[in-house]
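Beneath this line is the structure, given in structure tokens, with notes to follow.
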Amino acid sequence: MRLFNILAVGCLALVSATAQAENVAGLYQVREPVSGQGAEARAAATAKALDTLVLRLTGDPKAAQSPALAELRKDPQQIINQVASEAGPPESVLVEFDPGSTERALRKAGLALWGSNRPSILGWWLNDSAEGSSLVGDGQASAQPLRRAAQHRGLPLRLPLGDLQEQLVANAGQIEGSNPAPLREASERYGADALLAVHAQQADDKWQGKWQLWLGDQREQGTAEGSDPAALADAVMLAVGSRLAPRYVTRPGASSQLQVQVQGMNLQRYAELARVLEPYGPRLQMAEGSTLTYGVTGNREQLRAQLGLAKLQEVPVEQAPATPAPAVEPAAGQSAPAQPAPTPFDGLRFRW
């Protein structure tokens with residue numbers, strides 16, 4: 001009865017859980033500039049939008065050129081809901097892809113997908129130009145290129161307020177330094193999963209940037225450049241996405257059948273967990289009290305990373321009880337047989 005109740009009202013909890021999820025808005029909407037005039041130029045922009053979407057969903061820069069997607073590239077309309085034109089400058093097309101059709105096509109092509117539940121990134125972005133040095137704060141005009149670039153690359157970006165105290169902390173030395181402690185302290189009130197520090201400088205007729213990304217104890221870094229601030233922002237977000245994706249996307253051949261058990265479940269958490277596990281094909285196998293056990297197809301490390309985004313804590317093996325074996329009913333007139341020993345659990349255990 002408990003399992004029936006969870007399943008019956010889980011869809012109602014989805015509404016409240018969505019507001020708390022770190023989901024990427026507009027993941028299946030892609031905006032691309034149109035180079036030229038006429039239907040041919042629009043078709044080329046639409047094809048580029050497909051490439052951008054495939055990169056967003058797989059994290060693999062080579063995926064869009066996969067031979068298994070050749071037919072889809074010839075006729076992307078089969079997964080498109082609508083294409084709208086937007087006046088410039090520059091003139092653009094806004095392509096809205098159908099999520100279900102797109103995912104089925106990519107999975108059929110043997111591509112692993114990165115779900116919409118992604119680590120939120122707090123961006124400390126310092127611009128140096130002829131006018132001086134400035135920290136990009138939320139609400140400033142200089143924030144728009146960063147937001148557009150993050151959306152274009154499928155990343156949930158947040159920006160600090162950029163008040164005086166934050167400007168003092170986010171100086172060039174700190175942005176380029178290897179010790180993230182001061183920035184982390186300043187970032188606590190924003191509740192993001194990852195910290196991105198970028199020092200962008202105008203040099204001659206282009207922009208160059210050094211970036212660092214911290215996610216937990218792991219650090220990534222690199223450089224990028226662009227013809228203007230918008231192009232630099234897109235190059236940085238592309239690089240950041242390429243470093244994050246391998247943590248959450250399971251490559252074909254790297255998956256196996258696993259069990260995931262989660263303790264402390266309630267209706268709201270049921271809906272949120274179903275969304276987090278969606279890329280791994282979750283199959284609910286058992287519900288006992290507030291503990292649910294799923295069968296999934298994935299990689300242990302990617303699952304750990306994905307569940308960590310939902311703020312679940314892994315239960316150490318020594319604290320996890322063994323899974324009880326099913327009881328055996330005695331036949332009429334016979335004494336009850338000895339109960340089999342508990343079945344060892346070889347999956348992952350988490351708790352809220």
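In the structure tokens, each chain is lettered A, B, ... as it comes, each chain's residues begin at 1, and ligands are numbered from 1 in order of appearance.
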Show me, as CSV, the residues of range 69-118 of chain A having an atom within 8 Å of range 42-60 of chain A, each with the closest atom pair and its distance in Å, using only C-alpha atoms.
residue,atom,partner,partner_atom,distance
A:Arg73,CA,A:Ala47,CA,6.9
A:Pro76,CA,A:Ala47,CA,7.2
A:Ser92,CA,A:Ala45,CA,7.9
A:Val93,CA,A:Ala45,CA,6.9
A:Val95,CA,A:Thr46,CA,6.8
A:Leu111,CA,A:Thr58,CA,7.0
A:Ala112,CA,A:Thr58,CA,6.1
A:Leu113,CA,A:Thr58,CA,4.8
A:Trp114,CA,A:Leu57,CA,5.2
A:Gly115,CA,A:Leu57,CA,7.1
Problem set entry | Shell of 9 Å around Pro99 in chain A, only C-alpha atoms, local chain residues under 2 positions omitted, as a PyMOL selection string | chain A and resi 27-28+79+97+101-104
Problem set entry | Residues within 7 Å of Gly347 in chain A, only C-alpha atoms, excluding chain neighbours under 6 positions, as an NGL selection string | :A and (258-260)
Problem set entry | Contacts of Thr297 in chain A within 7 Å, only C-alpha atoms, excl. fewer than 4 positions in-chain, as a PyMOL selection string | chain A and resi 255-258+280-281
Considering only C-alpha atoms, tabulate each residue of range 89-125 of chain A that lies at most 12 Å from range 232-237 of chain A along with its nearest interatomic pair and the corresponding distance in Å to one decimal; arrange the rows by chain and ascending residue number and present them as a tab-separated table.
residue	atom	partner	partner_atom	distance
A:Ile121	CA	A:Met237	CA	10.6
A:Gly123	CA	A:Met237	CA	10.5
A:Trp125	CA	A:Ala233	CA	9.7
For this session: Could you check how far CA of Leu312 in chain A sits from CA of Trp352 in chain A, in Å to one decimal?
Result: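 If I compute the distance from CA of Leu312 in chain A to CA of Trp352 in chain A, I get 4.9 Å.
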For this session: Using DSSP on the backbone coordinates, identify the residues of range 31-251 of chain A assigned to strand (DSSP E or B); present them as a ChimeraX atom specification.
Result: /A:31-33,80-86,92-97,117,121-129,132-135,157-158,194-203,206-215,218-226
